[in-house]
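S.K.: So I've got this file, entry-v3.cif, and it contains mmCIF, C-alpha atoms:
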data_run
#
loop_
_atom_site.label_atom_id
_atom_site.label_comp_id
_atom_site.auth_asym_id
_atom_site.auth_seq_id
_atom_site.Cartn_x
_atom_site.Cartn_y
_atom_site.Cartn_z
CA MET A 1 -2.37 -94.07 -61.36
CA ARG A 2 -5.35 -96.09 -60.22
CA THR A 3 -8.31 -94.44 -58.46
CA ILE A 4 -10.84 -96.46 -56.50
CA VAL A 5 -13.93 -94.87 -55.01
CA LEU A 6 -15.58 -96.93 -52.28
CA GLY A 7 -19.29 -96.57 -51.67
CA PRO A 8 -21.75 -94.75 -53.91
CA PRO A 9 -20.05 -92.63 -56.57
CA PRO A 10 -20.05 -88.90 -55.78
CA PRO A 11 -22.08 -86.65 -58.10
CA GLU A 12 -18.85 -85.29 -59.60
CA LEU A 13 -17.83 -88.77 -60.75
CA ASN A 14 -21.25 -89.42 -62.26
CA ALA A 15 -20.96 -86.07 -64.04
CA LEU A 16 -17.52 -86.99 -65.40
CA ILE A 17 -18.81 -90.32 -66.74
CA ALA A 18 -21.85 -88.60 -68.30
CA ARG A 19 -19.57 -85.99 -69.90
CA ARG A 20 -17.30 -88.70 -71.34
CA GLN A 21 -20.36 -90.44 -72.76
CA SER A 22 -21.78 -87.24 -74.28
CA LEU A 23 -18.45 -86.44 -75.95
CA GLY A 24 -17.88 -90.02 -77.17
CA LEU A 25 -14.77 -90.42 -75.03
CA ASP A 26 -16.03 -93.60 -73.34
CA THR A 27 -15.70 -96.00 -76.28
CA HIS A 28 -13.13 -98.14 -74.47
CA ASP A 29 -14.49 -97.70 -70.93
CA GLU A 30 -15.57 -101.01 -69.39
CA VAL A 31 -17.62 -102.32 -66.49
CA TRP A 32 -16.11 -105.20 -64.51
CA LYS A 33 -18.77 -106.81 -62.31
CA GLY A 34 -20.39 -103.43 -61.70
CA GLU A 35 -17.10 -101.48 -61.33
CA TYR A 36 -16.53 -98.75 -63.91
CA HIS A 37 -13.07 -98.85 -65.56
CA MET A 38 -12.27 -95.58 -67.31
CA ALA A 39 -9.73 -96.28 -70.03
CA PRO A 40 -7.20 -93.60 -70.97
CA ALA A 41 -6.85 -92.58 -74.59
CA ALA A 42 -4.76 -95.03 -76.56
CA HIS A 43 -1.25 -94.27 -77.77
CA SER A 44 -1.06 -93.17 -81.42
CA SER A 45 0.59 -96.47 -82.35
CA HIS A 46 -2.61 -98.23 -81.30
CA GLY A 47 -4.60 -97.04 -84.33
CA TRP A 48 -1.67 -97.72 -86.63
CA LEU A 49 -1.53 -101.33 -85.49
CA ASP A 50 -5.30 -101.75 -85.46
CA GLN A 51 -5.55 -100.77 -89.13
CA GLN A 52 -2.82 -103.21 -90.11
CA LEU A 53 -4.39 -106.03 -88.12
CA ALA A 54 -7.74 -105.42 -89.84
CA GLU A 55 -6.01 -105.66 -93.23
CA LEU A 56 -3.92 -108.71 -92.35
CA LEU A 57 -6.57 -110.71 -90.48
CA GLY A 58 -9.57 -109.80 -92.65
CA PRO A 59 -8.84 -112.11 -95.59
CA LEU A 60 -7.82 -114.96 -93.28
CA ALA A 61 -11.03 -114.58 -91.28
CA ARG A 62 -13.27 -114.46 -94.36
CA ALA A 63 -11.58 -117.59 -95.74
CA VAL A 64 -12.79 -119.56 -92.70
CA GLY A 65 -16.23 -117.95 -92.44
CA LEU A 66 -15.50 -115.35 -89.76
CA GLY A 67 -16.40 -111.67 -89.90
CA GLY A 68 -14.53 -108.87 -88.23
CA THR A 69 -15.44 -105.85 -86.15
CA GLY A 70 -13.59 -103.07 -84.46
CA PRO A 71 -14.15 -102.44 -80.74
CA PHE A 72 -17.32 -104.02 -79.35
CA ASN A 73 -18.98 -104.70 -75.99
CA LEU A 74 -18.32 -108.33 -75.05
CA GLY A 75 -20.58 -109.27 -72.16
CA GLU A 76 -23.64 -107.61 -70.68
CA PRO A 77 -24.50 -104.13 -69.38
CA ASP A 78 -23.09 -104.56 -65.86
CA ASP A 79 -20.09 -106.73 -66.83
CA PHE A 80 -18.36 -106.17 -70.16
CA ARG A 81 -14.98 -105.68 -71.78
CA VAL A 82 -14.14 -103.81 -74.99
CA PRO A 83 -11.57 -105.66 -77.09
CA ASP A 84 -9.92 -103.66 -79.87
CA ARG A 85 -11.08 -106.05 -82.56
CA GLY A 86 -13.18 -109.18 -82.82
CA LEU A 87 -13.68 -112.04 -85.25
CA HIS A 88 -17.16 -113.54 -85.09
CA ARG A 89 -18.90 -116.64 -86.40
CA ILE A 90 -22.17 -114.69 -86.74
CA ALA A 91 -22.38 -110.97 -87.49
CA PRO A 92 -23.10 -109.18 -84.20
CA ASN A 93 -26.42 -107.39 -84.19
CA SER A 94 -26.71 -106.00 -80.66
CA VAL A 95 -24.99 -103.66 -78.23
CA TRP A 96 -23.88 -106.58 -76.05
CA VAL A 97 -22.15 -109.53 -77.71
CA ALA A 98 -21.98 -112.80 -75.77
CA THR A 99 -18.73 -114.17 -77.23
CA ALA A 100 -16.38 -114.14 -80.21
CA ALA A 101 -14.16 -116.64 -81.97
CA VAL A 102 -11.13 -114.34 -81.59
CA VAL A 103 -10.56 -111.10 -79.70
CA VAL A 104 -7.65 -108.81 -80.42
CA GLU A 105 -6.09 -106.66 -77.74
CA ILE A 106 -3.49 -104.03 -78.62
CA GLU A 107 -1.57 -103.11 -75.51
CA SER A 108 -1.45 -99.47 -74.52
CA PRO A 109 0.26 -97.93 -71.52
CA HIS A 110 -1.75 -98.51 -68.33
CA ASP A 111 -4.27 -100.82 -69.96
CA GLU A 112 -5.69 -104.02 -68.46
CA THR A 113 -5.19 -106.39 -71.40
CA TRP A 114 -3.78 -109.30 -69.41
CA GLU A 115 -6.33 -108.94 -66.61
CA LYS A 116 -9.18 -109.57 -69.10
CA LEU A 117 -8.19 -113.15 -69.91
CA ASP A 118 -10.30 -114.89 -67.24
CA PHE A 119 -13.35 -112.93 -68.43
CA TYR A 120 -12.73 -113.93 -72.05
CA ALA A 121 -12.29 -117.57 -71.01
CA ASP A 122 -15.56 -117.49 -69.04
CA ARG A 123 -17.23 -116.13 -72.18
CA GLY A 124 -15.86 -118.97 -74.33
CA VAL A 125 -13.63 -116.86 -76.60
CA ASP A 126 -11.56 -119.45 -78.52
CA GLU A 127 -8.44 -117.35 -79.14
CA VAL A 128 -6.94 -114.09 -77.94
CA LEU A 129 -4.37 -112.18 -79.97
CA ILE A 130 -2.30 -109.69 -77.98
CA VAL A 131 -0.12 -107.23 -79.88
CA SER A 132 2.46 -105.00 -78.20
CA ALA A 133 3.96 -102.04 -80.07
CA GLU A 134 6.45 -101.47 -77.27
CA ARG A 135 7.84 -105.02 -77.44
CA ARG A 136 7.03 -105.47 -81.14
CA SER A 137 5.48 -108.78 -80.26
CA VAL A 138 2.48 -110.87 -81.17
CA THR A 139 1.13 -113.40 -78.66
CA TRP A 140 -1.51 -115.99 -79.59
CA LEU A 141 -3.46 -117.57 -76.75
CA ALA A 142 -5.85 -120.52 -77.14
CA LEU A 143 -8.59 -121.55 -74.75
CA ASP A 144 -7.70 -124.81 -73.00
CA ALA A 145 -10.60 -125.89 -70.80
CA ARG A 146 -11.12 -122.74 -68.65
CA SER A 147 -7.90 -120.78 -69.20
CA TYR A 148 -5.56 -119.68 -71.97
CA VAL A 149 -2.27 -121.18 -72.99
CA GLN A 150 0.24 -119.52 -75.26
CA VAL A 151 0.41 -121.22 -78.66
CA GLU A 152 2.66 -120.81 -81.67
CA GLY A 153 -0.16 -119.64 -83.91
CA SER A 154 -3.86 -119.52 -84.57
CA ALA A 155 -5.69 -122.82 -85.05
CA LEU A 156 -8.60 -120.86 -86.55
CA LEU A 157 -6.75 -118.53 -88.92
CA GLY A 158 -3.43 -120.24 -89.61
CA PRO A 159 -0.62 -117.70 -89.10
CA THR A 160 2.00 -118.12 -86.43
CA SER A 161 2.91 -115.33 -84.06
CA ARG A 162 6.23 -114.94 -85.86
CA THR A 163 4.64 -114.79 -89.32
CA LEU A 164 2.17 -112.15 -88.23
CA ALA A 165 4.82 -110.12 -86.39
CA ASP A 166 7.01 -110.17 -89.51
CA ARG A 167 4.15 -108.79 -91.63
CA ILE A 168 3.45 -105.84 -89.34
CA ASP A 169 5.00 -102.50 -90.22
CA TRP A 170 5.80 -101.62 -86.60
CA PRO A 171 5.55 -97.96 -85.61
CA PRO A 172 8.74 -96.41 -84.29
CA THR A 173 9.21 -96.64 -80.55
CA ASP A 174 9.56 -93.47 -78.52
CA GLY A 175 13.33 -93.98 -78.48
CA GLU A 176 13.47 -94.16 -82.31
CA ARG A 177 11.70 -90.87 -82.93
#
Just give me the structure of the file as structure tokens.
M.R.:
Amino acid sequence: MRTIVLGPPPPELNALIARRQSLGLDTHDEVWKGEYHMAPAAHSSHGWLDQQLAELLGPLARAVGLGGTGPFNLGEPDDFRVPDRGLHRIAPNSVWVATAAVVVEIESPHDETWEKLDFYADRGVDEVLIVSAERRSVTWLALDARSYVQVEGSALLGPTSRTLADRIDWPPTDGER
């Protein structure tokens, strides 16, 4: 379900956002050109995949001089996205990071992964890796001028989508439990 509030936010909405912030529940909330996007909690498979991706991509990134982070704020205070993982040419040292060499998005139900691509392109992110537990798929996208095209593998890190997908220990789907 999507909720859109037109006009100034009511006090109750401001209170909800403040409560999420005070409890640390806003770590994946985003602001898209001044519009607050409240992200639901990720599926349990999300963390499972994130840990594996950190382990699989870490050595490849270090070999080419990139460093990795978990979720981070890509953009600026009134317009930012929070990718699940990032690979950076320079270690980030601020709340707001201008760009990254690679961002990783792990799809969760009701997320906006695919809608973030234009923003990432505008920010000059070279590659986007999208991982789907539901489809057990890995999609590499490379920046081509001002948009992304699907590619067989990473020009920066080396592995193909197929190679990476084969190395992931996929969590069981809901139907397999």
S.K.: If you take only C-alpha atoms and a cut-off of 12 Å, which residues of region 103-136 of chain A touch region 2-15 of chain A, and what are their nearest atom pairs and distances in Å to one decimal, in chain and number order, as JSON lines?
M.R.:
{"residue": "A:His110", "atom": "CA", "partner": "A:Arg2", "partner_atom": "CA", "distance": 9.2}
{"residue": "A:Asp111", "atom": "CA", "partner": "A:Arg2", "partner_atom": "CA", "distance": 10.9}
{"residue": "A:Glu112", "atom": "CA", "partner": "A:Arg2", "partner_atom": "CA", "distance": 11.4}
S.K.: List as a JSON list (two decimals) with C-alpha atoms, keeping the file's coordinate frame the protein and nucleic acid residues near Asp126 (chain A), meaning an atom at most 7 Å away when all atoms listed in the file are counted, but skip any in the same chain fewer than 2 places from it.
M.R.:
[["chain", "number", "residue", "atom", "x", "y", "z"],
["A", 101, "ALA", "CA", -14.16, -116.64, -81.97],
["A", 102, "VAL", "CA", -11.13, -114.34, -81.59],
["A", 124, "GLY", "CA", -15.86, -118.97, -74.33],
["A", 142, "ALA", "CA", -5.85, -120.52, -77.14],
["A", 143, "LEU", "CA", -8.59, -121.55, -74.75]]
S.K.: Using only C-alpha atoms, which of A:Asp50, A:Glu127, A:Glu107, A:Asp118 sits nearest His88 (chain A)?
M.R.: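 Using only C-alpha atoms, His88 (chain A) sits closest to A:Glu127.
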S.K.: Env of Lys33 (chain A): 12 Å cut, atoms = all atoms listed in the file, seq-sep filter 3 positions within chain, self excluded. Answer as a count of residues only.
M.R.: 11
S.K.: One decimal, in Å: what's the spacing between CA of Gly70 (chain A) and CA of Thr160 (chain A)?
M.R.: 21.8 Å
S.K.: Hey, can you check how far CA of Ile168 (chain A) sits from CA of Gln52 (chain A)?
M.R.: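 Atom-to-atom, CA of Ile168 (chain A) to CA of Gln52 (chain A), that is 6.8 Å.
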S.K.: List as a VMD selection string the residues having at least one atom at most 9 Å from position (-22.8, -114.1, -74.1) as given in the file, counting all atoms listed in the file.
M.R.: chain A and resid 74 to 76 96 to 100 123 to 124
S.K.: Counting only C-alpha atoms, which of A:Ala63, A:Gly68, A:Pro109, A:Leu164 gets nearest to Ala39 (chain A)?
M.R.: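 For Ala39 (chain A), the nearest of the candidates is A:Pro109.
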S.K.: Let me make sure I understand: among A:Arg20, A:Pro172, A:Leu157, A:Ser108, which one has the smallest atom-to-atom distance to Pro59 (chain A) if we use only C-alpha atoms?
M.R.: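 Counting only C-alpha atoms, the residue closest to Pro59 (chain A) is A:Leu157.
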S.K.: Report as AutoDock Vina command-line options the centre and the edge lengths, in Å to one decimal, of the axis-aligned box holding every listed atom of region 59-72 of chain A, padded by 8 Å on each side.
M.R.:
--center_x -12.6 --center_y -111.0 --center_z -87.5 --size_x 25.5 --size_y 33.1 --size_z 32.4
S.K.: Could you work out how far CA of Arg19 (chain A) lies from CA of Trp114 (chain A), giving the answer in Å with one decimal?
M.R.: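 About the pair CA of Trp114 (chain A) and CA of Arg19 (chain A): they are 28.2 Å apart.
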S.K.: Find the residues near Asp166 (chain A): any atom within 10 Å, counting only C-alpha atoms, skip ones fewer than 6 places away on the same chain, and give them as an MDAnalysis selection string.
M.R.: chainID A and resid 136:138 160
S.K.: So what does the PyMOL selection byres ((chain A and resi 152) around 12) actually pick up in this one, as a list in words?
M.R.: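 Given this file, the PyMOL selection byres ((chain A and resi 152) around 12) evaluates to Glu127, Leu129, Val138, Thr139, Trp140, Leu141, Ala142, Val149, Gln150, Val151, Gly153, Ser154, Ala155, Gly158, Pro159, Thr160, Ser161, Arg162, Thr163, Leu164 and Ala165 of chain A.
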S.K.: Translate the PyMOL selection byres ((chain A and resi 106) around 6) into a concrete residue list for this structure, as a ChimeraX atom specification.
M.R.: /A:105,107,130-131
S.K.: Residues of the last selection are to be written out with C-alpha atoms, as a PDB file, keeping the file's coordinate frame.
M.R.:
ATOM      1  CA  GLU A 105      -6.090-106.660 -77.740  1.00  0.00           C
ATOM      2  CA  GLU A 107      -1.570-103.110 -75.510  1.00  0.00           C
ATOM      3  CA  ILE A 130      -2.300-109.690 -77.980  1.00  0.00           C
ATOM      4  CA  VAL A 131      -0.120-107.230 -79.880  1.00  0.00           C
TER       5      VAL A 131
END
S.K.: Using only C-alpha atoms - which residues lie no farther than 7 Å from the point (-10.1, -92.9, -71.0) in the file's frame? Write them as a PyMOL selection string.
M.R.: chain A and resi 25-26+28-29+38-41
S.K.: Nearest to Arg146 (chain A): which of A:Ala121, A:Val128, A:Val64, A:Val31 is it, counting all atoms listed in the file?
M.R.: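 Among A:Ala121, A:Val128, A:Val64, A:Val31, it is A:Ala121 that comes nearest to Arg146 (chain A).
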